[in-house]
$ cat run-v9.pdb   # PDB, C-alpha atoms and all ligand atoms
ATOM      1  CA  MET A  16      27.188 -13.263  17.768
ATOM      2  CA  GLU A  17      24.881 -13.341  14.788
ATOM      3  CA  LYS A  18      24.320 -16.733  13.232
ATOM      4  CA  LYS A  19      23.310 -17.777   9.756
ATOM      5  CA  ILE A  20      20.160 -19.834   9.626
ATOM      6  CA  THR A  21      20.693 -23.354   8.368
ATOM      7  CA  ASN A  22      17.972 -25.439   6.757
ATOM      8  CA  THR A  23      17.470 -27.471   9.893
ATOM      9  CA  GLU A  24      17.217 -24.342  11.910
ATOM     10  CA  LYS A  25      14.704 -22.905   9.461
ATOM     11  CA  GLU A  26      12.488 -25.886  10.154
ATOM     12  CA  THR A  27      12.276 -24.731  13.735
ATOM     13  CA  GLN A  28      11.239 -21.215  12.846
ATOM     14  CA  GLY A  29       8.369 -19.892  14.895
ATOM     15  CA  LYS A  30       9.136 -22.381  17.662
ATOM     16  CA  ASN A  31      11.237 -19.941  19.622
ATOM     17  CA  CYS A  32       9.828 -19.717  23.099
ATOM     18  CA  CYS A  33       9.083 -16.060  22.707
ATOM     19  CA  GLY A  34       7.162 -17.143  19.645
ATOM     20  CA  PRO A  35       3.568 -18.107  19.262
ATOM     21  CA  GLU A  36       3.848 -21.830  18.680
ATOM     22  CA  CYS A  37       5.328 -22.581  22.043
ATOM     23  CA  CYS A  38       2.988 -24.408  24.309
ATOM     24  CA  SER A  39       0.439 -24.364  21.539
ATOM     25  CA  GLY A  40      -3.089 -23.484  22.415
ATOM     26  CA  LYS A  41      -1.980 -21.275  25.239
ATOM     27  CA  ASN A  42      -0.513 -18.569  23.058
ATOM     28  CA  GLU A  43      -2.033 -15.814  21.089
ATOM     29  CA  VAL A  44       0.059 -14.071  18.469
ATOM     30  CA  GLN A  45       0.213 -10.472  19.507
ATOM     31  CA  SER A  46       0.114  -8.203  16.513
ATOM     32  CA  PRO A  47       1.418  -4.658  16.968
ATOM     33  CA  LYS A  48      -2.211  -3.534  16.517
ATOM     34  CA  ALA A  49      -3.349  -5.794  19.352
ATOM     35  CA  TYR A  50      -0.790  -4.181  21.597
ATOM     36  CA  GLN A  51      -2.389  -0.825  20.876
ATOM     37  CA  GLU A  52      -5.969  -2.000  21.095
ATOM     38  CA  LYS A  53      -5.892  -4.246  24.139
ATOM     39  CA  SER A  54      -5.876  -2.759  27.620
ATOM     40  CA  ALA A  55      -2.735  -3.164  29.710
ATOM     41  CA  GLU A  56      -4.606  -5.609  31.947
ATOM     42  CA  GLU A  57      -5.718  -7.746  28.992
ATOM     43  CA  LEU A  58      -2.173  -7.851  27.601
ATOM     44  CA  LYS A  59      -0.718  -8.789  30.961
ATOM     45  CA  ASN A  60      -3.223 -11.618  31.355
ATOM     46  CA  ILE A  61      -2.230 -12.997  27.935
ATOM     47  CA  ILE A  62       1.468 -12.725  28.857
ATOM     48  CA  LYS A  63       0.886 -14.460  32.212
ATOM     49  CA  GLU A  64      -0.978 -17.300  30.509
ATOM     50  CA  LYS A  65       1.759 -17.736  27.897
ATOM     51  CA  TYR A  66       4.680 -17.694  30.331
ATOM     52  CA  GLY A  67       2.734 -19.737  32.868
ATOM     53  CA  ALA A  68       2.390 -22.462  30.229
ATOM     54  CA  ILE A  69       6.080 -22.217  29.311
ATOM     55  CA  ALA A  70       7.062 -22.572  32.975
ATOM     56  CA  GLU A  71       5.027 -25.738  33.273
ATOM     57  CA  GLN A  72       6.573 -27.467  30.267
ATOM     58  CA  THR A  73       8.967 -30.195  31.319
ATOM     59  CA  SER A  74      10.981 -31.517  28.361
ATOM     60  CA  SER A  75      11.388 -28.397  26.307
ATOM     61  CA  CYS A  76       9.558 -25.130  26.675
ATOM     62  CA  CYS A  77       8.026 -25.601  23.276
ATOM     63  CA  GLY A  78       4.851 -27.628  22.992
ATOM     64  CA  SER A  79       5.886 -29.459  19.849
ATOM     65  CA  GLY A  80       7.761 -32.107  21.806
ATOM     66  CA  LYS A  81      10.904 -31.292  19.813
ATOM     67  CA  ILE A  82      13.865 -29.933  21.648
ATOM     68  CA  VAL A  83      14.797 -26.911  19.621
ATOM     69  CA  ASP A  84      18.449 -26.070  19.976
ATOM     70  CA  TYR A  85      18.530 -22.861  18.039
ATOM     71  CA  TYR A  86      17.040 -19.722  19.475
ATOM     72  CA  ILE A  87      17.313 -16.756  17.257
ATOM     73  CA  MET A  88      17.559 -14.060  19.904
ATOM     74  CA  LYS A  89      19.491 -15.830  22.558
ATOM     75  CA  ASP A  90      23.102 -15.329  23.572
ATOM     76  CA  LYS A  91      25.206 -18.209  24.839
ATOM     77  CA  TYR A  92      24.855 -18.741  28.567
ATOM     78  CA  ASP A  93      26.091 -22.193  29.404
ATOM     79  CA  ASN A  94      29.729 -21.227  29.908
ATOM     80  CA  LEU A  95      28.890 -18.599  32.528
ATOM     81  CA  PRO A  96      29.704 -19.215  36.207
ATOM     82  CA  GLY A  97      26.457 -19.803  38.072
ATOM     83  CA  TYR A  98      24.590 -21.065  34.996
ATOM     84  CA  VAL A  99      21.743 -23.408  35.900
ATOM     85  CA  ALA A 100      20.303 -25.343  32.954
ATOM     86  CA  GLU A 101      16.851 -25.817  34.575
ATOM     87  CA  ALA A 102      16.545 -22.052  34.969
ATOM     88  CA  ASP A 103      17.327 -21.383  31.313
ATOM     89  CA  LEU A 104      14.091 -21.598  29.337
ATOM     90  CA  ASN A 105      15.677 -19.965  26.275
ATOM     91  CA  LEU A 106      13.711 -16.790  26.796
ATOM     92  CA  GLY A 107      16.488 -14.203  26.831
ATOM     93  CA  CYS A 108      17.772 -11.919  24.082
ATOM     94  CA  GLY A 109      21.131 -10.869  25.501
ATOM     95  CA  LEU A 110      23.444 -11.228  28.458
ATOM     96  CA  PRO A 111      22.637  -8.338  30.796
ATOM     97  CA  THR A 112      25.010  -9.607  33.483
ATOM     98  CA  GLU A 113      27.912  -9.268  30.999
ATOM     99  CA  PHE A 114      27.848  -5.464  31.217
ATOM    100  CA  ALA A 115      26.092  -5.012  34.563
ATOM    101  CA  GLY A 116      29.274  -4.404  36.556
ATOM    102  CA  ILE A 117      27.962  -6.508  39.425
ATOM    103  CA  LYS A 118      30.322  -6.683  42.397
ATOM    104  CA  LYS A 119      30.722  -9.001  45.352
ATOM    105  CA  GLY A 120      28.221  -8.034  48.051
ATOM    106  CA  ASP A 121      25.848  -6.150  45.701
ATOM    107  CA  THR A 122      22.087  -6.259  45.939
ATOM    108  CA  VAL A 123      20.891  -7.162  42.435
ATOM    109  CA  VAL A 124      17.292  -7.143  41.216
ATOM    110  CA  ASP A 125      16.253  -9.061  38.071
ATOM    111  CA  LEU A 126      12.987  -7.862  36.546
ATOM    112  CA  GLY A 127      10.938 -10.531  34.755
ATOM    113  CA  SER A 128      13.237 -13.153  36.208
ATOM    114  CA  GLY A 129      11.479 -16.161  34.658
ATOM    115  CA  ALA A 130      12.881 -19.415  36.060
ATOM    116  CA  GLY A 131      15.884 -17.567  37.521
ATOM    117  CA  ASN A 132      18.450 -17.746  34.719
ATOM    118  CA  ASP A 133      20.099 -14.345  35.264
ATOM    119  CA  VAL A 134      19.463 -14.451  39.019
ATOM    120  CA  PHE A 135      21.744 -17.464  39.451
ATOM    121  CA  VAL A 136      24.409 -15.981  37.166
ATOM    122  CA  ALA A 137      24.270 -12.753  39.217
ATOM    123  CA  ARG A 138      24.451 -14.760  42.470
ATOM    124  CA  ALA A 139      27.728 -16.305  41.296
ATOM    125  CA  ILE A 140      29.166 -12.771  41.167
ATOM    126  CA  THR A 141      27.662 -11.258  44.334
ATOM    127  CA  GLY A 142      28.654 -14.339  46.346
ATOM    128  CA  GLU A 143      27.227 -15.062  49.780
ATOM    129  CA  GLU A 144      27.739 -11.471  50.860
ATOM    130  CA  GLY A 145      25.272 -10.144  48.297
ATOM    131  CA  ARG A 146      21.583 -10.545  47.699
ATOM    132  CA  VAL A 147      19.702 -11.297  44.479
ATOM    133  CA  ILE A 148      15.964 -10.755  44.077
ATOM    134  CA  GLY A 149      13.979 -11.942  41.061
ATOM    135  CA  ILE A 150      10.618 -10.308  40.334
ATOM    136  CA  ASP A 151       8.054 -11.824  37.980
ATOM    137  CA  MET A 152       4.297 -11.422  37.608
ATOM    138  CA  THR A 153       3.666 -15.029  36.474
ATOM    139  CA  GLU A 154       2.993 -17.323  39.437
ATOM    140  CA  GLU A 155       4.150 -20.473  37.629
ATOM    141  CA  MET A 156       7.495 -18.821  36.802
ATOM    142  CA  ILE A 157       7.988 -17.746  40.415
ATOM    143  CA  GLU A 158       7.158 -21.264  41.609
ATOM    144  CA  LYS A 159       9.613 -22.795  39.123
ATOM    145  CA  ALA A 160      12.332 -20.314  40.114
ATOM    146  CA  LYS A 161      11.746 -21.083  43.807
ATOM    147  CA  ARG A 162      12.007 -24.818  43.134
ATOM    148  CA  ASN A 163      15.278 -24.213  41.289
ATOM    149  CA  ASN A 164      16.577 -22.183  44.204
ATOM    150  CA  SER A 165      15.601 -24.734  46.817
ATOM    151  CA  LYS A 166      17.708 -27.330  44.984
ATOM    152  CA  LEU A 167      20.640 -24.914  45.092
ATOM    153  CA  GLY A 168      19.998 -23.837  48.680
ATOM    154  CA  PHE A 169      20.942 -20.171  48.258
ATOM    155  CA  ALA A 170      19.765 -18.288  51.335
ATOM    156  CA  ASN A 171      20.457 -14.910  49.735
ATOM    157  CA  VAL A 172      18.332 -15.509  46.631
ATOM    158  CA  GLU A 173      14.663 -14.607  46.695
ATOM    159  CA  PHE A 174      11.843 -14.646  44.132
ATOM    160  CA  ARG A 175       8.891 -12.303  44.547
ATOM    161  CA  LEU A 176       5.619 -12.224  42.659
ATOM    162  CA  GLY A 177       5.040  -8.712  41.383
ATOM    163  CA  GLU A 178       4.729  -6.369  38.472
ATOM    164  CA  ILE A 179       7.487  -4.230  37.024
ATOM    165  CA  GLU A 180       5.095  -1.282  36.905
ATOM    166  CA  ASP A 181       4.775  -1.558  40.695
ATOM    167  CA  ILE A 182       7.912  -3.322  41.932
ATOM    168  CA  PRO A 183       7.450  -4.845  45.403
ATOM    169  CA  LEU A 184      10.636  -3.280  46.793
ATOM    170  CA  ALA A 185      11.458  -0.173  48.812
ATOM    171  CA  ASP A 186      13.053   2.948  47.309
ATOM    172  CA  ASN A 187      16.873   2.926  46.952
ATOM    173  CA  ALA A 188      17.102  -0.837  47.486
ATOM    174  CA  ALA A 189      19.333  -2.032  44.627
ATOM    175  CA  ASP A 190      22.939  -1.604  43.536
ATOM    176  CA  VAL A 191      22.164  -3.061  40.110
ATOM    177  CA  VAL A 192      18.942  -3.816  38.228
ATOM    178  CA  VAL A 193      19.098  -6.294  35.351
ATOM    179  CA  SER A 194      16.420  -7.553  33.010
ATOM    180  CA  ASN A 195      16.492  -9.847  29.995
ATOM    181  CA  CYS A 196      13.988  -9.575  27.157
ATOM    182  CA  VAL A 197      11.123  -8.403  29.339
ATOM    183  CA  LEU A 198      10.531  -4.662  29.023
ATOM    184  CA  ASN A 199       9.369  -5.055  25.411
ATOM    185  CA  LEU A 200       6.415  -6.936  26.902
ATOM    186  CA  VAL A 201       5.517  -4.207  29.400
ATOM    187  CA  PRO A 202       2.771  -1.948  28.047
ATOM    188  CA  ASP A 203       3.803   1.097  30.131
ATOM    189  CA  LYS A 204       7.560   1.399  29.560
ATOM    190  CA  LYS A 205       7.731   4.869  31.163
ATOM    191  CA  LYS A 206       6.341   3.456  34.391
ATOM    192  CA  ALA A 207       8.736   0.503  34.166
ATOM    193  CA  PHE A 208      11.793   2.768  33.925
ATOM    194  CA  SER A 209      10.507   5.093  36.649
ATOM    195  CA  GLU A 210      10.139   2.083  38.932
ATOM    196  CA  ILE A 211      13.697   0.992  38.062
ATOM    197  CA  TYR A 212      14.852   4.514  38.957
ATOM    198  CA  ARG A 213      12.951   4.431  42.255
ATOM    199  CA  ILE A 214      14.420   1.140  43.487
ATOM    200  CA  LEU A 215      18.031   1.948  42.542
ATOM    201  CA  LYS A 216      20.305   3.510  45.133
ATOM    202  CA  PRO A 217      21.641   6.971  44.214
ATOM    203  CA  GLY A 218      24.505   6.508  41.730
ATOM    204  CA  ALA A 219      23.513   2.893  41.062
ATOM    205  CA  HIS A 220      22.716   1.570  37.587
ATOM    206  CA  PHE A 221      20.684  -0.799  35.456
ATOM    207  CA  CYS A 222      21.745  -3.081  32.607
ATOM    208  CA  VAL A 223      18.909  -4.330  30.445
ATOM    209  CA  SER A 224      18.840  -6.533  27.322
ATOM    210  CA  ASP A 225      15.763  -5.957  25.214
ATOM    211  CA  ILE A 226      14.258  -5.931  21.734
ATOM    212  CA  VAL A 227      13.856  -2.644  19.868
ATOM    213  CA  ILE A 228      12.914  -1.637  16.335
ATOM    214  CA  GLN A 229      14.971   0.613  14.082
ATOM    215  CA  GLY A 230      13.301   2.406  11.170
ATOM    216  CA  GLU A 231       9.765   2.023   9.939
ATOM    217  CA  MET A 232       8.500  -1.533   9.674
ATOM    218  CA  ASN A 233       5.025  -2.101   8.347
ATOM    219  CA  SER A 234       2.671  -3.817  10.736
ATOM    220  CA  GLU A 235       2.424  -6.968   8.599
ATOM    221  CA  LEU A 236       6.190  -7.451   8.699
ATOM    222  CA  LYS A 237       6.169  -6.782  12.436
ATOM    223  CA  ARG A 238       3.452  -9.386  12.876
ATOM    224  CA  SER A 239       5.382 -11.943  10.828
ATOM    225  CA  ALA A 240       8.502 -11.185  12.827
ATOM    226  CA  GLU A 241       6.481 -11.762  16.010
ATOM    227  CA  MET A 242       5.434 -15.154  14.632
ATOM    228  CA  TYR A 243       8.990 -15.943  13.628
ATOM    229  CA  ALA A 244      10.930 -14.777  16.649
ATOM    230  CA  GLY A 245       8.504 -13.367  19.218
ATOM    231  CA  CYS A 246       9.000 -10.438  21.588
ATOM    232  CA  VAL A 247       8.435  -7.996  18.745
ATOM    233  CA  ALA A 248       4.789  -6.923  18.991
ATOM    234  CA  GLY A 249       5.338  -4.721  22.027
ATOM    235  CA  ALA A 250       8.819  -3.538  21.023
ATOM    236  CA  ILE A 251       9.235   0.169  20.329
ATOM    237  CA  GLN A 252      11.666   2.262  18.280
ATOM    238  CA  GLN A 253      15.203   2.350  19.672
ATOM    239  CA  ASP A 254      15.173   6.189  19.792
ATOM    240  CA  GLU A 255      11.928   6.241  21.736
ATOM    241  CA  TYR A 256      13.276   3.593  24.103
ATOM    242  CA  LEU A 257      16.403   5.639  24.821
ATOM    243  CA  GLN A 258      14.357   8.833  25.202
ATOM    244  CA  ILE A 259      12.170   7.201  27.830
ATOM    245  CA  ILE A 260      15.297   6.228  29.753
ATOM    246  CA  GLU A 261      16.707   9.742  29.451
ATOM    247  CA  LYS A 262      13.440  11.437  30.422
ATOM    248  CA  THR A 263      13.224   9.201  33.486
ATOM    249  CA  GLY A 264      16.391  10.937  34.692
ATOM    250  CA  PHE A 265      19.072   8.335  33.961
ATOM    251  CA  LYS A 266      22.573   9.565  33.052
ATOM    252  CA  LYS A 267      25.514   7.995  31.200
ATOM    253  CA  ILE A 268      23.134   5.958  29.046
ATOM    254  CA  GLU A 269      25.062   3.663  26.762
ATOM    255  CA  ILE A 270      24.262   0.809  24.413
ATOM    256  CA  LYS A 271      26.900  -1.785  25.284
ATOM    257  CA  LYS A 272      25.891  -4.334  22.679
ATOM    258  CA  ARG A 273      23.601  -4.322  19.666
ATOM    259  CA  LYS A 274      22.694  -7.388  17.718
ATOM    260  CA  LYS A 275      20.514  -7.637  14.630
ATOM    261  CA  ILE A 276      17.785 -10.244  14.795
ATOM    262  CA  ILE A 277      18.145 -12.034  11.484
ATOM    263  CA  LEU A 278      14.919 -12.684   9.637
ATOM    264  CA  PRO A 279      14.981 -14.910   6.569
ATOM    265  CA  ASP A 280      14.894 -13.278   3.131
ATOM    266  CA  GLU A 281      11.787 -15.261   2.172
ATOM    267  CA  LEU A 282       9.891 -13.536   4.949
ATOM    268  CA  LEU A 283      11.326 -10.065   4.315
ATOM    269  CA  LYS A 284      10.643 -10.209   0.586
ATOM    270  CA  GLN A 285       6.941 -10.664   1.255
ATOM    271  CA  TYR A 286       6.708  -7.245   2.860
ATOM    272  CA  LEU A 287       9.598  -5.141   1.571
ATOM    273  CA  ASN A 288      10.372  -3.810  -1.881
ATOM    274  CA  GLU A 289      13.930  -3.881  -3.213
ATOM    275  CA  ASN A 290      14.833  -0.618  -1.530
ATOM    276  CA  GLY A 291      13.281  -1.710   1.753
ATOM    277  CA  LEU A 292      15.211  -4.979   1.630
ATOM    278  CA  LYS A 293      18.446  -3.064   0.973
ATOM    279  CA  GLU A 294      17.797  -0.771   3.944
ATOM    280  CA  TYR A 295      17.055  -3.803   6.081
ATOM    281  CA  LYS A 296      20.298  -5.499   5.044
ATOM    282  CA  GLU A 297      22.306  -2.325   5.604
ATOM    283  CA  ASN A 298      21.000  -2.189   9.161
ATOM    284  CA  LEU A 299      19.095   1.034   8.548
ATOM    285  CA  LYS A 300      16.016  -0.792   9.664
ATOM    286  CA  GLY A 301      15.236  -3.982  11.480
ATOM    287  CA  ILE A 302      14.770  -5.672  14.814
ATOM    288  CA  PHE A 303      17.653  -5.461  17.229
ATOM    289  CA  SER A 304      18.562  -6.840  20.604
ATOM    290  CA  ILE A 305      20.281  -4.125  22.628
ATOM    291  CA  THR A 306      21.987  -4.256  25.984
ATOM    292  CA  VAL A 307      21.813  -0.814  27.533
ATOM    293  CA  VAL A 308      23.045   0.704  30.791
ATOM    294  CA  GLY A 309      22.021   3.865  32.620
ATOM    295  CA  TYR A 310      22.906   5.441  35.960
ATOM    296  CA  LYS A 311      20.650   7.012  38.576
ATOM    297  CA  SER A 312      21.971  10.478  39.350
TER     298      SER A 312
HETATM  299  C1  LIG A 401      10.718 -13.432  27.693
HETATM  300  S1  LIG A 401      10.539 -13.970  29.361
HETATM  301  C2  LIG A 401      12.185 -13.683  30.017
HETATM  302  C3  LIG A 401      12.467 -14.458  31.279
HETATM  303  C4  LIG A 401      13.881 -14.314  31.816
HETATM  304  N1  LIG A 401      14.274 -12.933  31.921
HETATM  305  C5  LIG A 401      14.879 -15.101  30.988
HETATM  306  O1  LIG A 401      15.678 -14.482  30.275
HETATM  307  O2  LIG A 401      14.820 -16.339  31.038
HETATM  308  C6  LIG A 401       9.600 -12.676  30.091
HETATM  309  C7  LIG A 401       9.286 -12.836  31.573
HETATM  310  O3  LIG A 401       8.860 -11.568  32.056
HETATM  311  C8  LIG A 401       7.704 -11.710  32.837
HETATM  312  N2  LIG A 401       6.944 -10.457  32.715
HETATM  313  C9  LIG A 401       6.425  -9.916  31.580
HETATM  314  N3  LIG A 401       5.844  -8.747  31.842
HETATM  315  C10 LIG A 401       5.985  -8.512  33.167
HETATM  316  C11 LIG A 401       5.591  -7.457  34.057
HETATM  317  N4  LIG A 401       4.898  -6.408  33.602
HETATM  318  N5  LIG A 401       5.921  -7.555  35.366
HETATM  319  C12 LIG A 401       6.616  -8.646  35.831
HETATM  320  N6  LIG A 401       6.996  -9.675  35.055
HETATM  321  C13 LIG A 401       6.700  -9.615  33.734
HETATM  322  C14 LIG A 401       6.991 -12.929  32.261
HETATM  323  O4  LIG A 401       6.158 -13.522  33.222
HETATM  324  C15 LIG A 401       8.181 -13.811  31.872
HETATM  325  O5  LIG A 401       8.551 -14.665  32.919
END
$ encode --input "run-v9.pdb" --output "C-alpha cells" --more "lines below"
Ligand SMILES: C[S@@+](CC[C@H](N)C(=O)[O-])C[C@H]1O[C@@H](n2cnc3c(N)ncnc32)[C@H](O)[C@@H]1O
Amino acid sequence: MEKKITNTEKETQGKNCCGPECCSGKNEVQSPKAYQEKSAEELKNIIKEKYGAIAEQTSSCCGSGKIVDYYIMKDKYDNLPGYVAEADLNLGCGLPTEFAGIKKGDTVVDLGSGAGNDVFVARAITGEEGRVIGIDMTEEMIEKAKRNNSKLGFANVEFRLGEIEDIPLADNAADVVVSNCVLNLVPDKKKAFSEIYRILKPGAHFCVSDIVIQGEMNSELKRSAEMYAGCVAGAIQQDEYLQIIEKTGFKKIEIKKRKKIILPDELLKQYLNENGLKEYKENLKGIFSITVVGYKS
C-alpha cells in the first residue's frame, strides 16, 4: 500500500537502508552513470561493502543511531507466519512470497537472501518436508543469516555464499525461486535470469519483487531518487526488464503487484517541468516496485 509521507517521515529521508546514508562512510552513492562506467566487479565490491556494513549493524541498520520506522519501498512483513524480526533489515521492496505459490514440501531458493527474511517466511510454508536455500554474495549477510537460523534450529534451511550470475546450485534444483529487491543491483540481469531459468525444474516458476523505472527520467533525478530511496541506480526500464525475462525463455510472465515509489514534490520539482511533473503524477513515469512471476517451459 502506498503511504503519504509525513513531516516526521520526511526527516528520515535518505536513511532508508537501500539508501546512501546507511552505515555512513561505508556507502557510495551510485549514480546511474557510475553503474555504466564501473566494471561489474567494481560494482559488486561496492555492493558487498555496503551490505556487509548493514549486516554488522546491531541496533538499526542505519548508521545514524536512529531507529527509522518508515521505509519507503518496504511492504509490511511482521504479520506473516515465519517472520523473524532479526532477519528483517528493512531491505525489501515487496513481498515475493505473497505470489510465489509455494507449497508444502517445495524446494525454494531465495536470491540475495540478506539476513534470511524471505527464507524464514518461505520455510513456514514449505514446512519440515521442504527445503529453503538462501544465496548471497556478501559474507557478513550469510554469517548473520546462519546465526539467525541456528537460533531457530531449522535443519532444512541453508545459506550459501555465491553470486546470482553463477548460482551455486545444480540445474533443475528448485520448485520456486524468490528474490526481494536484489536484481536491480545485479549488473548483468540477462545472466541473472538465465541462471534462474537453469536452476528451476521444468514447469517451475520464479516470483521476484524488484525496482524498475517507467518512462524517461533524467540522470539527475535518478541520482536524487537513489539518494532518497536507494536501489534505483541499477534499475532498468520495466519494458526492458520484462523483455529480458521473456527472451530468457520464461512463459506466463505476469506482474502480480505494482507499487509506485513516492518521491516528494520538492525533489521532483527540481528536475521536472510542469508537464514532467504531471506525467510523473499520472504514473506515466516514475520508479515502481513490481512483483513479477514467470514459468520455465
Ligand atoms: C537490498 S538487499 C535485499 C536483502 C533481502 N532480499 C531482504 O529483502 O532483506 C540486497 C542483497 O542482495 C545481495 N546481492 C546483491 N547483488 C548480488 C549478487 N550479484 N549475487 C548475490 N547476492 C547479491 C546483497 O549482498 C544484499 O544482501
$ residues_around --input "run-v9.pdb" --residues "segment 105-122 of chain A" --least-positions-apart "6" --cutoff "7 Å" --atoms "only C-alpha atoms" --output "VMD selection string"
chain A and resid 32 to 33 86 88 to 90 137 140 to 142 144 to 147 189 to 191 193 to 196 221 to 225 304 306
$ closest_atom_pairs --input "run-v9.pdb" --of "chain A" --to "ligand LIG 401 (chain A)" --cutoff "9 Å" --atoms "all atoms listed in the file" --output "CSV"
residue,atom,partner,partner_atom,distance
A:Cys32,CA,A:LIG401,C1,7.8
A:Cys33,CA,A:LIG401,C1,5.9
A:Lys59,CA,A:LIG401,N3,6.6
A:Ile62,CA,A:LIG401,C9,6.3
A:Lys63,CA,A:LIG401,O4,5.4
A:Glu64,CA,A:LIG401,O4,8.5
A:Lys65,CA,A:LIG401,O4,8.1
A:Tyr66,CA,A:LIG401,O4,5.3
A:Gly67,CA,A:LIG401,O4,7.1
A:Ile69,CA,A:LIG401,O5,8.7
A:Ala70,CA,A:LIG401,O5,8.0
A:Lys89,CA,A:LIG401,O1,8.7
A:Ala102,CA,A:LIG401,O2,7.1
A:Asp103,CA,A:LIG401,O2,5.6
A:Leu104,CA,A:LIG401,O2,5.6
A:Asn105,CA,A:LIG401,O2,6.0
A:Leu106,CA,A:LIG401,O2,4.4
A:Gly107,CA,A:LIG401,O1,3.5
A:Cys108,CA,A:LIG401,O1,7.0
A:Gly109,CA,A:LIG401,O1,8.1
A:Leu110,CA,A:LIG401,O1,8.6
A:Asp125,CA,A:LIG401,N1,7.5
A:Leu126,CA,A:LIG401,N6,6.4
A:Gly127,CA,A:LIG401,O3,3.6
A:Ser128,CA,A:LIG401,N1,4.4
A:Gly129,CA,A:LIG401,O5,3.7
A:Ala130,CA,A:LIG401,O2,6.2
A:Gly131,CA,A:LIG401,O2,6.7
A:Asn132,CA,A:LIG401,O2,5.4
A:Asp133,CA,A:LIG401,O1,6.7
A:Val134,CA,A:LIG401,N1,8.9
A:Ile150,CA,A:LIG401,C12,6.2
A:Asp151,CA,A:LIG401,N6,3.8
A:Met152,CA,A:LIG401,C12,4.0
A:Thr153,CA,A:LIG401,O4,4.4
A:Glu154,CA,A:LIG401,O4,7.9
A:Glu155,CA,A:LIG401,O4,8.5
A:Met156,CA,A:LIG401,O5,5.8
A:Ile157,CA,A:LIG401,O5,8.1
A:Leu176,CA,A:LIG401,C12,7.8
A:Gly177,CA,A:LIG401,C12,5.8
A:Glu178,CA,A:LIG401,N5,3.5
A:Ile179,CA,A:LIG401,N5,4.0
A:Glu180,CA,A:LIG401,N4,6.1
A:Asp181,CA,A:LIG401,N5,8.1
A:Ile182,CA,A:LIG401,N5,8.1
A:Val193,CA,A:LIG401,N1,8.9
A:Ser194,CA,A:LIG401,N1,5.9
A:Asn195,CA,A:LIG401,N1,4.3
A:Cys196,CA,A:LIG401,C1,5.1
A:Val197,CA,A:LIG401,C6,4.6
A:Leu198,CA,A:LIG401,N3,6.8
A:Asn199,CA,A:LIG401,N3,8.2
A:Leu200,CA,A:LIG401,N3,5.3
A:Val201,CA,A:LIG401,N4,4.8
A:Pro202,CA,A:LIG401,N4,7.4
A:Asp203,CA,A:LIG401,N4,8.3
A:Ala207,CA,A:LIG401,N4,7.9
A:Gly245,CA,A:LIG401,C1,8.8
A:Cys246,CA,A:LIG401,C1,7.0
$ atom_distance --input "run-v9.pdb" --atom1 "atom CA of Gly264 of chain A" --atom2 "atom CA of Ser312 of chain A"
7.3 Å
$ atom_distance --input "run-v9.pdb" --atom1 "atom CA of Glu281 of chain A" --atom2 "atom CA of Met232 of chain A"
16.0 Å
$ axis_aligned_box --input "run-v9.pdb" --around "segment 102-105 of chain A" --padding-each-side "3 Å" --output "AutoDock Vina command-line options"
--center_x 15.7 --center_y -21.0 --center_z 30.6 --size_x 9.2 --size_y 8.1 --size_z 14.7
$ closest_residue --input "run-v9.pdb" --among "A:Leu215, A:Arg162, A:Val307, A:Glu101" --to "Ala188 of chain A" --atoms "all atoms listed in the file"
A:Leu215
$ closest_residue --input "run-v9.pdb" --among "A:Gly230, A:Val247, A:Leu257, A:Ala240" --to "Tyr295 of chain A" --atoms "all atoms listed in the file"
A:Gly230
$ closest_residue --input "run-v9.pdb" --among "A:Ala100, A:Leu292, A:Ala219, A:Val124" --to "Asn163 of chain A" --atoms "all atoms listed in the file"
A:Ala100
$ resolve_selection --input "run-v9.pdb" --expression "the PyMOL selection byres (((chain A and resi 173) around 8) and not hetatm)" --output "tab-separated table (two decimals) with C-alpha atoms, keeping the file's coordinate frame"
chain	number	residue	atom	x	y	z
A	147	VAL	CA	19.70	-11.30	44.48
A	148	ILE	CA	15.96	-10.76	44.08
A	149	GLY	CA	13.98	-11.94	41.06
A	161	LYS	CA	11.75	-21.08	43.81
A	170	ALA	CA	19.76	-18.29	51.34
A	171	ASN	CA	20.46	-14.91	49.74
A	172	VAL	CA	18.33	-15.51	46.63
A	174	PHE	CA	11.84	-14.65	44.13
A	175	ARG	CA	8.89	-12.30	44.55
$ atom_distance --input "run-v9.pdb" --atom1 "atom CA of Lys293 of chain A" --atom2 "atom CA of Gln258 of chain A"
27.3 Å
$ residues_around --input "run-v9.pdb" --residues "Arg213 of chain A" --least-positions-apart "3" --cutoff "8 Å" --atoms "only C-alpha atoms" --output "PyMOL selection string"
chain A and resi 186-187+209-210+216
$ decode --input "run-v9.pdb" --residues "segment 286-308 of chain A" --atoms "C-alpha atoms" --output "PDB file, in the first residue's frame"
ATOM      1  CA  TYR A 286      14.254  18.139 -12.070  1.00  0.00           C
ATOM      2  CA  LEU A 287      10.890  18.102 -13.835  1.00  0.00           C
ATOM      3  CA  ASN A 288       8.972  20.834 -15.610  1.00  0.00           C
ATOM      4  CA  GLU A 289       5.212  21.141 -15.162  1.00  0.00           C
ATOM      5  CA  ASN A 290       4.485  18.596 -17.862  1.00  0.00           C
ATOM      6  CA  GLY A 291       7.062  16.179 -16.484  1.00  0.00           C
ATOM      7  CA  LEU A 292       5.572  16.502 -13.005  1.00  0.00           C
ATOM      8  CA  LYS A 293       2.091  15.823 -14.415  1.00  0.00           C
ATOM      9  CA  GLU A 294       3.331  12.703 -16.214  1.00  0.00           C
ATOM     10  CA  TYR A 295       5.021  11.573 -13.023  1.00  0.00           C
ATOM     11  CA  LYS A 296       1.833  12.051 -11.003  1.00  0.00           C
ATOM     12  CA  GLU A 297      -0.266  10.281 -13.627  1.00  0.00           C
ATOM     13  CA  ASN A 298       2.019   7.267 -13.346  1.00  0.00           C
ATOM     14  CA  LEU A 299       3.271   7.638 -16.908  1.00  0.00           C
ATOM     15  CA  LYS A 300       6.730   7.825 -15.475  1.00  0.00           C
ATOM     16  CA  GLY A 301       8.378   7.042 -12.196  1.00  0.00           C
ATOM     17  CA  ILE A 302      10.010   4.419 -10.041  1.00  0.00           C
ATOM     18  CA  PHE A 303       7.977   1.334  -9.310  1.00  0.00           C
ATOM     19  CA  SER A 304       8.282  -1.767  -7.210  1.00  0.00           C
ATOM     20  CA  ILE A 305       6.948  -4.730  -9.176  1.00  0.00           C
ATOM     21  CA  THR A 306       6.350  -8.305  -8.149  1.00  0.00           C
ATOM     22  CA  VAL A 307       6.583 -10.475 -11.233  1.00  0.00           C
ATOM     23  CA  VAL A 308       6.216 -14.196 -11.904  1.00  0.00           C
TER      24      VAL A 308
END
